[in-house]
Amino acid sequence: MSQNEIEESLNLLEKNWDVDPILRKFMLGKISDVSDYPVKVKNVVFHVPYLNSEKKYILWKCFWPDCHNCCDRQGRLPLTSDDLITIGKGLKYQKVSDFIKNETLTVTYRESGPSGQMTTMTTINLKRKKDETEKDDGTHISCRFLDDEGGCSMHPERPGVCYLYPFSTWLENEKGIARVHATYQFTGDCPGFYLADNLDQMKDELREYSKMIYDYNMASNRTNREGFGSVSFS
Ligand code: SF4
Ligand code: SF4
């Protein structure tokens with residue numbers, strides 16, 4: 001995502017939510033004195049940003065059901081192999097191939113991985129609107145499964161990227177063991193980020209997401225075909 005896109009998202013977000021001016025500056029890349037504070041929670045290493053000038057950590061909590069911005073502004077919904085089966089069944093398809101044909105769109109795009117390297121990705125994505133085409137990929141479209149109460153009509157069969165948001169996750173080889181890592185995606189769409197002196201307030205979220213992130217990474221074969229190595233869905 002470009003800085004302009006993040007700024008546009010933040011401007012929209014600020015119509016309904018207060019965004020800490022320091023966090024705004026950070027998300028726009030205007031604060032560079034930032035350390036990566038890795039926290040291992042069970043089997044996942046979370047990379048929490050620490051703003052040295054403020055002596056604060058960036059933490060997160062979700063405001064749902066008061067907020068459903070991520071479903072209103074999803075740029076893309078890549079599906080894993082597991083997602084294809086569970087969501088296909090949830091939408092009453094007998095055959096995965098029919099689900100793929102009718103409800104998904106395959107796209108190829110470039111995105112930066114966790115250490116900044118560009119990766120070419122090909123993913124099978126759930127269509128966010130019935131007539132979605134390749135030219136809609138990456139644009140903000142309100143998801144067709146968002147119901148009037150702000151919930152997901154597919155729940156509990158949601159794509160992994162939905163329930164992991166705003167985290168992006170990847171695997172690293174740690175001496176022959178697959179270590180799962182997670183960090184935040186700062187797209188400017190989520191009002192849940194805040195500054196704090198320590199990690200205490202986020203302990204419950206870290207525990208809950210550690211399990212979800214680990215299971216997601218271990219259970220799923222991702223559908224990317226090129227540039228295998230690290231994945232960051234946005
Ligand atoms: S993750 Fe963020 S954008 Fe999505 S519902 Fe929660 S607070 Fe809103
Ligand atoms: S599939 Fe459900 S959770 Fe995912 S963006 Fe759509 S409404 Fe939201």
# chains A, B, ... in the order shown; residues from 1 in each chain; ligands from 1
>>> residues_near_ligand(ligand="ligand 1", cutoff="7 Å", atoms="only C-alpha atoms and all ligand atoms", output="list in words")
Lys61, Cys62, Phe63, Trp64, Pro65, Cys67, His68, Asn69, Cys70, Cys71, Tyr165, Pro166, Asp189, Cys190, Pro191 and Gly192 of chain A
>>> write_last_selection(atoms="N, CA, C and O atoms", output="tab-separated table (two decimals), in the first residue's frame")
chain	number	residue	atom	x	y	z
A	61	LYS	N	-6.65	-3.37	19.99
A	61	LYS	CA	-7.85	-4.11	20.41
A	61	LYS	C	-8.92	-3.89	19.34
A	61	LYS	O	-8.85	-2.91	18.57
A	62	CYS	N	-9.90	-4.79	19.29
A	62	CYS	CA	-10.92	-4.69	18.24
A	62	CYS	C	-12.18	-4.03	18.80
A	62	CYS	O	-12.60	-4.34	19.91
A	63	PHE	N	-12.77	-3.12	18.04
A	63	PHE	CA	-13.98	-2.42	18.47
A	63	PHE	C	-15.27	-3.04	17.92
A	63	PHE	O	-16.33	-2.44	18.06
A	64	TRP	N	-15.17	-4.20	17.25
A	64	TRP	CA	-16.38	-4.82	16.76
A	64	TRP	C	-17.31	-5.10	17.95
A	64	TRP	O	-16.81	-5.49	18.99
A	65	PRO	N	-18.62	-4.92	17.91
A	65	PRO	CA	-19.46	-4.63	16.74
A	65	PRO	C	-19.63	-3.13	16.43
A	65	PRO	O	-20.35	-2.79	15.49
A	67	CYS	N	-17.41	-1.31	15.24
A	67	CYS	CA	-16.65	-1.06	14.00
A	67	CYS	C	-16.70	-2.32	13.14
A	67	CYS	O	-16.63	-3.43	13.65
A	68	HIS	N	-16.83	-2.14	11.84
A	68	HIS	CA	-16.64	-3.26	10.90
A	68	HIS	C	-15.94	-2.73	9.65
A	68	HIS	O	-16.22	-3.13	8.53
A	69	ASN	N	-15.03	-1.83	9.93
A	69	ASN	CA	-14.31	-1.16	8.84
A	69	ASN	C	-13.53	-2.15	7.96
A	69	ASN	O	-13.41	-1.95	6.75
A	70	CYS	N	-12.98	-3.20	8.58
A	70	CYS	CA	-12.17	-4.13	7.78
A	70	CYS	C	-13.04	-4.87	6.76
A	70	CYS	O	-12.56	-5.22	5.69
A	71	CYS	N	-14.32	-5.08	7.08
A	71	CYS	CA	-15.22	-5.74	6.12
A	71	CYS	C	-15.74	-4.75	5.08
A	71	CYS	O	-16.12	-5.12	3.98
A	165	TYR	N	-7.07	-10.48	10.72
A	165	TYR	CA	-6.87	-9.03	10.58
A	165	TYR	C	-6.88	-8.37	11.95
A	165	TYR	O	-7.73	-8.72	12.77
A	166	PRO	N	-6.02	-7.41	12.27
A	166	PRO	CA	-5.06	-6.73	11.40
A	166	PRO	C	-3.66	-7.32	11.43
A	166	PRO	O	-2.68	-6.60	11.17
A	189	ASP	N	-7.04	1.64	8.11
A	189	ASP	CA	-8.47	1.35	8.16
A	189	ASP	C	-8.96	0.92	9.55
A	189	ASP	O	-10.16	0.84	9.77
A	190	CYS	N	-8.03	0.60	10.44
A	190	CYS	CA	-8.44	0.05	11.74
A	190	CYS	C	-8.26	1.08	12.85
A	190	CYS	O	-7.15	1.60	13.05
A	191	PRO	N	-9.33	1.36	13.60
A	191	PRO	CA	-9.22	2.34	14.68
A	191	PRO	C	-8.68	1.74	15.99
A	191	PRO	O	-8.57	2.44	17.00
A	192	GLY	N	-8.34	0.44	15.98
A	192	GLY	CA	-8.04	-0.26	17.23
A	192	GLY	C	-6.64	-0.07	17.80
A	192	GLY	O	-6.35	-0.56	18.88
>>> residues_near_ligand(ligand="ligand 2", cutoff="8 Å", atoms="only C-alpha atoms and all ligand atoms", output="PyMOL selection string")
chain A and resi 68+70-74+77+126+128+142-147+150-155+158-159+161-163
>>> write_last_selection(atoms="C-alpha atoms", output="tab-separated table (two decimals), in the first residue's frame")
chain	number	residue	atom	x	y	z
A	68	HIS	CA	-16.64	-3.26	10.90
A	70	CYS	CA	-12.17	-4.13	7.78
A	71	CYS	CA	-15.22	-5.74	6.12
A	72	ASP	CA	-16.21	-2.43	4.52
A	73	ARG	CA	-12.78	-1.84	3.04
A	74	GLN	CA	-11.18	-5.23	2.33
A	77	LEU	CA	-9.67	-11.88	0.35
A	126	LEU	CA	-13.18	-14.81	-2.55
A	128	ARG	CA	-16.19	-9.40	-2.42
A	142	SER	CA	-17.67	-3.43	1.05
A	143	CYS	CA	-17.86	-7.21	1.34
A	144	ARG	CA	-21.10	-8.83	0.16
A	145	PHE	CA	-21.13	-11.09	3.25
A	146	LEU	CA	-21.33	-8.18	5.69
A	147	ASP	CA	-24.84	-8.26	7.17
A	150	GLY	CA	-22.16	-5.59	11.04
A	151	GLY	CA	-21.56	-9.33	11.29
A	152	CYS	CA	-20.29	-11.82	8.74
A	153	SER	CA	-23.10	-13.88	7.23
A	154	MET	CA	-20.61	-16.70	6.62
A	155	HIS	CA	-19.59	-16.89	10.27
A	158	ARG	CA	-14.81	-16.90	7.37
A	159	PRO	CA	-11.59	-16.68	5.34
A	161	VAL	CA	-7.40	-13.40	6.46
A	162	CYS	CA	-10.60	-11.98	7.96
A	163	TYR	CA	-10.25	-13.40	11.42
>>> residues_around(residues="stretch 84-90 of chain A", least_positions_apart="2", cutoff="12 Å", atoms="only C-alpha atoms", output="mmCIF file with all heavy atoms, in the first residue's frame")
data_model
loop_
_atom_site.group_PDB
_atom_site.id
_atom_site.type_symbol
_atom_site.label_atom_id
_atom_site.label_comp_id
_atom_site.auth_asym_id
_atom_site.auth_seq_id
_atom_site.Cartn_x
_atom_site.Cartn_y
_atom_site.Cartn_z
ATOM 1 N N LEU A 77 -9.433 -10.807 -0.626
ATOM 2 C CA LEU A 77 -9.672 -11.885 0.352
ATOM 3 C C LEU A 77 -9.035 -13.187 -0.124
ATOM 4 O O LEU A 77 -9.721 -14.089 -0.636
ATOM 5 C CB LEU A 77 -11.181 -12.088 0.558
ATOM 6 C CG LEU A 77 -11.943 -10.956 1.250
ATOM 7 C CD1 LEU A 77 -13.450 -11.235 1.239
ATOM 8 C CD2 LEU A 77 -11.474 -10.763 2.688
ATOM 9 N N PRO A 78 -7.701 -13.334 -0.010
ATOM 10 C CA PRO A 78 -7.050 -14.568 -0.465
ATOM 11 C C PRO A 78 -7.471 -15.760 0.376
ATOM 12 O O PRO A 78 -7.576 -15.665 1.603
ATOM 13 C CB PRO A 78 -5.554 -14.285 -0.269
ATOM 14 C CG PRO A 78 -5.440 -12.973 0.374
ATOM 15 C CD PRO A 78 -6.777 -12.407 0.655
ATOM 16 N N LEU A 79 -7.702 -16.881 -0.283
ATOM 17 C CA LEU A 79 -8.165 -18.086 0.412
ATOM 18 C C LEU A 79 -7.060 -19.130 0.475
ATOM 19 O O LEU A 79 -6.295 -19.290 -0.477
ATOM 20 C CB LEU A 79 -9.374 -18.674 -0.328
ATOM 21 C CG LEU A 79 -10.587 -17.744 -0.452
ATOM 22 C CD1 LEU A 79 -11.673 -18.421 -1.285
ATOM 23 C CD2 LEU A 79 -11.131 -17.358 0.913
ATOM 24 N N THR A 80 -7.006 -19.833 1.571
ATOM 25 C CA THR A 80 -6.099 -20.976 1.673
ATOM 26 C C THR A 80 -6.826 -22.216 1.144
ATOM 27 O O THR A 80 -8.041 -22.185 0.912
ATOM 28 C CB THR A 80 -5.727 -21.231 3.144
ATOM 29 O OG1 THR A 80 -6.921 -21.586 3.828
ATOM 30 C CG2 THR A 80 -5.092 -20.022 3.788
ATOM 31 N N SER A 81 -6.076 -23.310 1.012
ATOM 32 C CA SER A 81 -6.702 -24.561 0.557
ATOM 33 C C SER A 81 -7.810 -24.969 1.521
ATOM 34 O O SER A 81 -8.868 -25.441 1.100
ATOM 35 C CB SER A 81 -5.669 -25.680 0.493
ATOM 36 O OG SER A 81 -4.594 -25.276 -0.291
ATOM 37 N N ASP A 82 -7.542 -24.803 2.820
ATOM 38 C CA ASP A 82 -8.581 -25.143 3.813
ATOM 39 C C ASP A 82 -9.802 -24.260 3.647
ATOM 40 O O ASP A 82 -10.937 -24.718 3.738
ATOM 41 C CB ASP A 82 -8.043 -24.963 5.238
ATOM 42 C CG ASP A 82 -7.062 -26.043 5.609
ATOM 43 O OD1 ASP A 82 -6.767 -26.898 4.749
ATOM 44 O OD2 ASP A 82 -6.595 -26.040 6.760
ATOM 45 N N LYS A 92 -22.751 -23.964 0.468
ATOM 46 C CA LYS A 92 -23.581 -25.060 -0.060
ATOM 47 C C LYS A 92 -23.114 -25.603 -1.413
ATOM 48 O O LYS A 92 -23.921 -26.075 -2.206
ATOM 49 C CB LYS A 92 -25.070 -24.649 -0.176
ATOM 50 C CG LYS A 92 -25.653 -24.033 1.083
ATOM 51 C CD LYS A 92 -26.021 -25.122 2.095
ATOM 52 C CE LYS A 92 -26.618 -24.560 3.370
ATOM 53 N NZ LYS A 92 -25.742 -24.536 4.515
ATOM 54 N N TYR A 93 -21.831 -25.516 -1.663
ATOM 55 C CA TYR A 93 -21.313 -26.133 -2.899
ATOM 56 C C TYR A 93 -20.950 -27.581 -2.619
ATOM 57 O O TYR A 93 -20.307 -27.889 -1.619
ATOM 58 C CB TYR A 93 -20.081 -25.370 -3.403
ATOM 59 C CG TYR A 93 -20.445 -24.135 -4.184
ATOM 60 C CD1 TYR A 93 -20.578 -22.911 -3.539
ATOM 61 C CD2 TYR A 93 -20.690 -24.199 -5.545
ATOM 62 C CE1 TYR A 93 -20.944 -21.768 -4.243
ATOM 63 C CE2 TYR A 93 -21.048 -23.068 -6.258
ATOM 64 C CZ TYR A 93 -21.177 -21.860 -5.601
ATOM 65 O OH TYR A 93 -21.539 -20.750 -6.304
ATOM 66 N N GLN A 94 -21.365 -28.482 -3.530
ATOM 67 C CA GLN A 94 -20.985 -29.895 -3.412
ATOM 68 C C GLN A 94 -19.535 -30.075 -3.845
ATOM 69 O O GLN A 94 -18.810 -30.857 -3.276
ATOM 70 C CB GLN A 94 -21.855 -30.761 -4.351
ATOM 71 C CG GLN A 94 -23.348 -30.602 -4.178
ATOM 72 C CD GLN A 94 -23.865 -31.481 -3.043
ATOM 73 O OE1 GLN A 94 -23.240 -32.475 -2.720
ATOM 74 N NE2 GLN A 94 -24.972 -31.089 -2.448
ATOM 75 N N LYS A 95 -19.156 -29.307 -4.886
ATOM 76 C CA LYS A 95 -17.809 -29.491 -5.444
ATOM 77 C C LYS A 95 -16.990 -28.213 -5.266
ATOM 78 O O LYS A 95 -17.472 -27.112 -5.598
ATOM 79 C CB LYS A 95 -17.898 -29.776 -6.949
ATOM 80 C CG LYS A 95 -18.444 -31.133 -7.282
ATOM 81 C CD LYS A 95 -17.978 -31.467 -8.695
ATOM 82 C CE LYS A 95 -19.066 -32.022 -9.549
ATOM 83 N NZ LYS A 95 -18.953 -31.704 -10.936
ATOM 84 N N VAL A 96 -15.749 -28.371 -4.784
ATOM 85 C CA VAL A 96 -14.865 -27.215 -4.605
ATOM 86 C C VAL A 96 -14.647 -26.511 -5.950
ATOM 87 O O VAL A 96 -14.598 -25.285 -6.031
ATOM 88 C CB VAL A 96 -13.509 -27.657 -3.998
ATOM 89 C CG1 VAL A 96 -12.538 -26.493 -3.937
ATOM 90 C CG2 VAL A 96 -13.710 -28.203 -2.594
ATOM 91 N N SER A 97 -14.565 -27.321 -7.031
ATOM 92 C CA SER A 97 -14.300 -26.712 -8.350
ATOM 93 C C SER A 97 -15.427 -25.748 -8.745
ATOM 94 O O SER A 97 -15.170 -24.698 -9.333
ATOM 95 C CB SER A 97 -14.102 -27.786 -9.413
ATOM 96 O OG SER A 97 -15.210 -28.660 -9.413
ATOM 97 N N ASP A 98 -16.675 -26.087 -8.406
ATOM 98 C CA ASP A 98 -17.790 -25.180 -8.730
ATOM 99 C C ASP A 98 -17.712 -23.910 -7.878
ATOM 100 O O ASP A 98 -17.981 -22.812 -8.353
ATOM 101 C CB ASP A 98 -19.143 -25.870 -8.473
ATOM 102 C CG ASP A 98 -19.431 -26.921 -9.531
ATOM 103 O OD1 ASP A 98 -18.829 -26.834 -10.617
ATOM 104 O OD2 ASP A 98 -20.237 -27.827 -9.255
ATOM 105 N N PHE A 99 -17.336 -24.097 -6.609
ATOM 106 C CA PHE A 99 -17.179 -22.929 -5.734
ATOM 107 C C PHE A 99 -16.111 -21.989 -6.306
ATOM 108 O O PHE A 99 -16.322 -20.783 -6.430
ATOM 109 C CB PHE A 99 -16.797 -23.397 -4.314
ATOM 110 C CG PHE A 99 -16.260 -22.308 -3.443
ATOM 111 C CD1 PHE A 99 -17.086 -21.277 -3.004
ATOM 112 C CD2 PHE A 99 -14.918 -22.285 -3.081
ATOM 113 C CE1 PHE A 99 -16.586 -20.245 -2.209
ATOM 114 C CE2 PHE A 99 -14.410 -21.262 -2.285
ATOM 115 C CZ PHE A 99 -15.249 -20.243 -1.858
ATOM 116 N N ILE A 100 -14.972 -22.575 -6.711
ATOM 117 C CA ILE A 100 -13.877 -21.760 -7.251
ATOM 118 C C ILE A 100 -14.348 -21.016 -8.509
ATOM 119 O O ILE A 100 -14.101 -19.817 -8.674
ATOM 120 C CB ILE A 100 -12.629 -22.627 -7.544
ATOM 121 C CG1 ILE A 100 -12.036 -23.115 -6.221
ATOM 122 C CG2 ILE A 100 -11.573 -21.845 -8.341
ATOM 123 C CD1 ILE A 100 -10.873 -24.062 -6.350
ATOM 124 N N LYS A 101 -15.079 -21.736 -9.376
ATOM 125 C CA LYS A 101 -15.524 -21.137 -10.635
ATOM 126 C C LYS A 101 -16.496 -19.962 -10.395
ATOM 127 O O LYS A 101 -16.373 -18.900 -10.997
ATOM 128 C CB LYS A 101 -16.204 -22.214 -11.480
ATOM 129 C CG LYS A 101 -16.357 -21.816 -12.930
ATOM 130 C CD LYS A 101 -16.708 -23.029 -13.765
ATOM 131 C CE LYS A 101 -18.134 -22.813 -14.264
ATOM 132 N NZ LYS A 101 -18.833 -24.053 -14.544
ATOM 133 N N ASN A 102 -17.411 -20.137 -9.484
ATOM 134 C CA ASN A 102 -18.478 -19.144 -9.324
ATOM 135 C C ASN A 102 -18.184 -18.036 -8.325
ATOM 136 O O ASN A 102 -18.715 -16.932 -8.455
ATOM 137 C CB ASN A 102 -19.783 -19.835 -8.871
ATOM 138 C CG ASN A 102 -20.307 -20.764 -9.932
ATOM 139 O OD1 ASN A 102 -20.085 -20.531 -11.119
ATOM 140 N ND2 ASN A 102 -20.967 -21.814 -9.526
ATOM 141 N N GLU A 103 -17.395 -18.337 -7.311
ATOM 142 C CA GLU A 103 -17.296 -17.387 -6.197
ATOM 143 C C GLU A 103 -15.923 -16.770 -6.011
ATOM 144 O O GLU A 103 -15.739 -15.964 -5.094
ATOM 145 C CB GLU A 103 -17.674 -18.088 -4.870
ATOM 146 C CG GLU A 103 -18.982 -18.854 -4.895
ATOM 147 C CD GLU A 103 -20.207 -17.938 -4.799
ATOM 148 O OE1 GLU A 103 -20.039 -16.732 -4.575
ATOM 149 O OE2 GLU A 103 -21.327 -18.459 -4.982
ATOM 150 N N THR A 104 -14.946 -17.178 -6.828
ATOM 151 C CA THR A 104 -13.588 -16.662 -6.586
ATOM 152 C C THR A 104 -12.983 -16.053 -7.859
ATOM 153 O O THR A 104 -13.494 -16.252 -8.968
ATOM 154 C CB THR A 104 -12.622 -17.778 -6.085
ATOM 155 O OG1 THR A 104 -12.336 -18.661 -7.174
ATOM 156 C CG2 THR A 104 -13.199 -18.557 -4.930
ATOM 157 N N THR A 123 -2.970 -15.675 -5.944
ATOM 158 C CA THR A 123 -3.891 -16.228 -4.940
ATOM 159 C C THR A 123 -5.294 -16.361 -5.521
ATOM 160 O O THR A 123 -5.687 -15.634 -6.428
ATOM 161 C CB THR A 123 -3.949 -15.330 -3.682
ATOM 162 O OG1 THR A 123 -4.255 -13.994 -4.054
ATOM 163 C CG2 THR A 123 -2.647 -15.348 -2.914
ATOM 164 N N ILE A 124 -6.020 -17.313 -4.959
ATOM 165 C CA ILE A 124 -7.436 -17.481 -5.294
ATOM 166 C C ILE A 124 -8.202 -16.683 -4.242
ATOM 167 O O ILE A 124 -8.070 -16.944 -3.044
ATOM 168 C CB ILE A 124 -7.835 -18.966 -5.246
ATOM 169 C CG1 ILE A 124 -7.010 -19.761 -6.261
ATOM 170 C CG2 ILE A 124 -9.325 -19.126 -5.522
ATOM 171 C CD1 ILE A 124 -7.245 -21.262 -6.200
ATOM 172 N N ASN A 125 -8.949 -15.691 -4.692
ATOM 173 C CA ASN A 125 -9.596 -14.771 -3.747
ATOM 174 C C ASN A 125 -11.110 -14.905 -3.795
ATOM 175 O O ASN A 125 -11.700 -15.037 -4.876
ATOM 176 C CB ASN A 125 -9.238 -13.324 -4.112
ATOM 177 C CG ASN A 125 -7.742 -13.146 -4.210
ATOM 178 O OD1 ASN A 125 -7.012 -13.484 -3.294
ATOM 179 N ND2 ASN A 125 -7.275 -12.660 -5.342
ATOM 180 N N LEU A 126 -11.718 -14.827 -2.619
ATOM 181 C CA LEU A 126 -13.177 -14.808 -2.551
ATOM 182 C C LEU A 126 -13.666 -13.487 -3.151
ATOM 183 O O LEU A 126 -13.137 -12.423 -2.822
ATOM 184 C CB LEU A 126 -13.595 -14.888 -1.074
ATOM 185 C CG LEU A 126 -15.085 -15.003 -0.793
ATOM 186 C CD1 LEU A 126 -15.658 -16.306 -1.351
ATOM 187 C CD2 LEU A 126 -15.339 -14.937 0.712
ATOM 188 N N PHE A 145 -20.693 -10.231 2.138
ATOM 189 C CA PHE A 145 -21.130 -11.092 3.245
ATOM 190 C C PHE A 145 -21.357 -10.315 4.540
ATOM 191 O O PHE A 145 -21.746 -10.887 5.549
ATOM 192 C CB PHE A 145 -20.115 -12.218 3.478
ATOM 193 C CG PHE A 145 -19.975 -13.111 2.286
ATOM 194 C CD1 PHE A 145 -18.871 -13.020 1.439
ATOM 195 C CD2 PHE A 145 -20.980 -14.023 1.974
ATOM 196 C CE1 PHE A 145 -18.759 -13.824 0.322
ATOM 197 C CE2 PHE A 145 -20.877 -14.837 0.854
ATOM 198 C CZ PHE A 145 -19.764 -14.739 0.025
ATOM 199 N N SER A 153 -22.038 -12.885 7.440
ATOM 200 C CA SER A 153 -23.097 -13.884 7.232
ATOM 201 C C SER A 153 -22.521 -15.286 7.027
ATOM 202 O O SER A 153 -23.242 -16.261 7.079
ATOM 203 C CB SER A 153 -23.980 -13.486 6.051
ATOM 204 O OG SER A 153 -23.204 -13.451 4.883
ATOM 205 N N MET A 154 -21.215 -15.380 6.794
ATOM 206 C CA MET A 154 -20.606 -16.704 6.623
ATOM 207 C C MET A 154 -20.133 -17.292 7.941
ATOM 208 O O MET A 154 -19.717 -18.437 7.989
ATOM 209 C CB MET A 154 -19.380 -16.591 5.725
ATOM 210 C CG MET A 154 -19.708 -16.463 4.275
ATOM 211 S SD MET A 154 -18.283 -16.931 3.319
ATOM 212 C CE MET A 154 -17.153 -15.694 3.786
ATOM 213 N N HIS A 155 -20.137 -16.465 8.990
ATOM 214 C CA HIS A 155 -19.586 -16.890 10.266
ATOM 215 C C HIS A 155 -20.148 -18.246 10.695
ATOM 216 O O HIS A 155 -21.343 -18.437 10.588
ATOM 217 C CB HIS A 155 -19.919 -15.836 11.331
ATOM 218 C CG HIS A 155 -19.185 -16.044 12.613
ATOM 219 N ND1 HIS A 155 -17.860 -15.722 12.768
ATOM 220 C CD2 HIS A 155 -19.594 -16.582 13.784
ATOM 221 C CE1 HIS A 155 -17.491 -16.045 14.001
ATOM 222 N NE2 HIS A 155 -18.515 -16.559 14.633
ATOM 223 N N PRO A 156 -19.418 -19.241 11.199
ATOM 224 C CA PRO A 156 -17.991 -19.157 11.520
ATOM 225 C C PRO A 156 -17.059 -19.492 10.352
ATOM 226 O O PRO A 156 -15.855 -19.505 10.538
ATOM 227 C CB PRO A 156 -17.836 -20.202 12.631
ATOM 228 C CG PRO A 156 -18.838 -21.248 12.279
ATOM 229 C CD PRO A 156 -19.984 -20.534 11.597
ATOM 230 N N GLU A 157 -17.603 -19.759 9.158
ATOM 231 C CA GLU A 157 -16.723 -20.101 8.042
ATOM 232 C C GLU A 157 -16.193 -18.862 7.340
ATOM 233 O O GLU A 157 -16.553 -18.600 6.204
ATOM 234 C CB GLU A 157 -17.449 -21.002 7.032
ATOM 235 C CG GLU A 157 -17.431 -22.461 7.385
ATOM 236 C CD GLU A 157 -18.712 -22.902 8.057
ATOM 237 O OE1 GLU A 157 -19.711 -22.189 7.910
ATOM 238 O OE2 GLU A 157 -18.686 -23.939 8.741
ATOM 239 N N ARG A 158 -15.384 -18.103 8.010
ATOM 240 C CA ARG A 158 -14.814 -16.904 7.370
ATOM 241 C C ARG A 158 -13.426 -17.232 6.825
ATOM 242 O O ARG A 158 -12.748 -18.103 7.351
ATOM 243 C CB ARG A 158 -14.632 -15.793 8.404
ATOM 244 C CG ARG A 158 -15.892 -15.166 8.875
ATOM 245 C CD ARG A 158 -15.599 -14.123 9.909
ATOM 246 N NE ARG A 158 -14.987 -14.676 11.110
ATOM 247 C CZ ARG A 158 -14.282 -13.979 11.989
ATOM 248 N NH1 ARG A 158 -14.073 -12.697 11.793
ATOM 249 N NH2 ARG A 158 -13.774 -14.532 13.055
ATOM 250 N N PRO A 159 -12.977 -16.483 5.792
ATOM 251 C CA PRO A 159 -11.592 -16.685 5.344
ATOM 252 C C PRO A 159 -10.610 -16.373 6.479
ATOM 253 O O PRO A 159 -10.867 -15.479 7.290
ATOM 254 C CB PRO A 159 -11.433 -15.658 4.219
ATOM 255 C CG PRO A 159 -12.818 -15.328 3.778
ATOM 256 C CD PRO A 159 -13.694 -15.497 4.983
ATOM 257 N N GLY A 160 -9.507 -17.112 6.513
ATOM 258 C CA GLY A 160 -8.504 -16.878 7.550
ATOM 259 C C GLY A 160 -8.050 -15.428 7.606
ATOM 260 O O GLY A 160 -7.872 -14.862 8.679
ATOM 261 N N SER A 220 -2.959 -24.728 7.053
ATOM 262 C CA SER A 220 -3.298 -24.325 5.695
ATOM 263 C C SER A 220 -2.130 -24.440 4.733
ATOM 264 O O SER A 220 -1.000 -24.117 5.071
ATOM 265 C CB SER A 220 -3.796 -22.885 5.709
ATOM 266 O OG SER A 220 -2.818 -22.056 6.269
ATOM 267 N N ASN A 221 -2.464 -24.931 3.553
ATOM 268 C CA ASN A 221 -1.516 -24.813 2.453
ATOM 269 C C ASN A 221 -1.925 -23.574 1.706
ATOM 270 O O ASN A 221 -3.015 -23.503 1.182
ATOM 271 C CB ASN A 221 -1.637 -26.002 1.511
ATOM 272 C CG ASN A 221 -1.138 -27.249 2.168
ATOM 273 O OD1 ASN A 221 -0.074 -27.249 2.755
ATOM 274 N ND2 ASN A 221 -1.930 -28.298 2.096
ATOM 275 N N ARG A 222 -1.055 -22.605 1.659
ATOM 276 C CA ARG A 222 -1.446 -21.383 0.979
ATOM 277 C C ARG A 222 -1.482 -21.606 -0.526
ATOM 278 O O ARG A 222 -0.779 -22.449 -1.056
ATOM 279 C CB ARG A 222 -0.486 -20.262 1.337
ATOM 280 C CG ARG A 222 -0.696 -19.819 2.765
ATOM 281 C CD ARG A 222 0.047 -18.529 2.963
ATOM 282 N NE ARG A 222 -0.359 -17.919 4.190
ATOM 283 C CZ ARG A 222 0.355 -17.979 5.300
ATOM 284 N NH1 ARG A 222 1.479 -18.631 5.322
ATOM 285 N NH2 ARG A 222 -0.072 -17.381 6.379
ATOM 286 N N THR A 223 -2.272 -20.805 -1.189
ATOM 287 C CA THR A 223 -2.488 -21.037 -2.609
ATOM 288 C C THR A 223 -1.558 -20.192 -3.487
ATOM 289 O O THR A 223 -1.815 -19.997 -4.645
ATOM 290 C CB THR A 223 -3.950 -20.744 -2.973
ATOM 291 O OG1 THR A 223 -4.299 -19.498 -2.397
ATOM 292 C CG2 THR A 223 -4.869 -21.817 -2.459
#
>>> residues_around(residues="A:Val45", least_positions_apart="6", cutoff="12 Å", atoms="only C-alpha atoms", output="VMD selection string")
chain A and resid 36 to 39 167 to 172 174 178 to 183 206 to 207 209 to 211 213 to 214
>>> select_by_dssp(residues="stretch 9-224 of chain A", states="strand (DSSP E or B)", output="number ranges by chain")
A: 34-41, 44-51, 56-60, 74, 78, 104-112, 118-126, 141, 146, 152, 167-174, 177-184, 193-196
>>> select_by_dssp(residues="stretch 31-143 of chain A", states="alpha helix (DSSP H)", output="list in words")
Asn69, Cys70, Cys71, Asp72, Ser81, Asp82, Asp83, Leu84, Ile85, Thr86, Ile87, Gly88, Lys89, Gly90, Val96, Ser97, Asp98, Phe99, Ile100, Lys101, Asn102 and Glu103 of chain A
>>> residues_around(residues="A:Thr187", least_positions_apart="6", cutoff="9 Å", atoms="only C-alpha atoms", output="ChimeraX atom specification")
/A:1,5-7,9-10,27,166,234
>>> atom_distance(atom1="atom CA of A:Gln117", atom2="atom CA of A:Asn11")
28.3 Å
>>> closest_residue(among="A:Leu164, A:Ile31, A:Val19, A:Ile58", to="A:Ala196", atoms="only C-alpha atoms")
A:Ile58
>>> atom_distance(atom1="atom CA of A:Trp60", atom2="atom CA of A:Arg110")
27.2 Å
>>> atom_distance(atom1="atom CA of A:Glu8", atom2="atom CA of A:Ile141")
14.6 Å
>>> decode(residues="stretch 45-64 of chain A", atoms="C-alpha atoms", output="compact mmCIF listing (two decimals), in the first residue's frame")
# COMPACT_ATOMS: atom_id res chain seq x y z
CA VAL A 45 6.52 -14.45 17.84
CA PHE A 46 4.65 -11.14 17.72
CA HIS A 47 6.63 -8.15 16.48
CA VAL A 48 5.29 -5.19 18.46
CA PRO A 49 6.54 -1.75 17.37
CA TYR A 50 8.07 0.39 20.15
CA LEU A 51 8.31 4.13 19.57
CA ASN A 52 11.60 5.14 21.19
CA SER A 53 10.86 8.88 21.20
CA GLU A 54 7.56 8.33 23.06
CA LYS A 55 8.72 5.29 25.07
CA LYS A 56 5.46 3.58 24.10
CA TYR A 57 4.37 0.32 22.53
CA ILE A 58 1.74 0.17 19.81
CA LEU A 59 -1.02 -2.14 21.00
CA TRP A 60 -4.33 -3.14 19.47
CA LYS A 61 -7.85 -4.11 20.41
CA CYS A 62 -10.92 -4.69 18.24
CA PHE A 63 -13.98 -2.42 18.47
CA TRP A 64 -16.38 -4.82 16.76
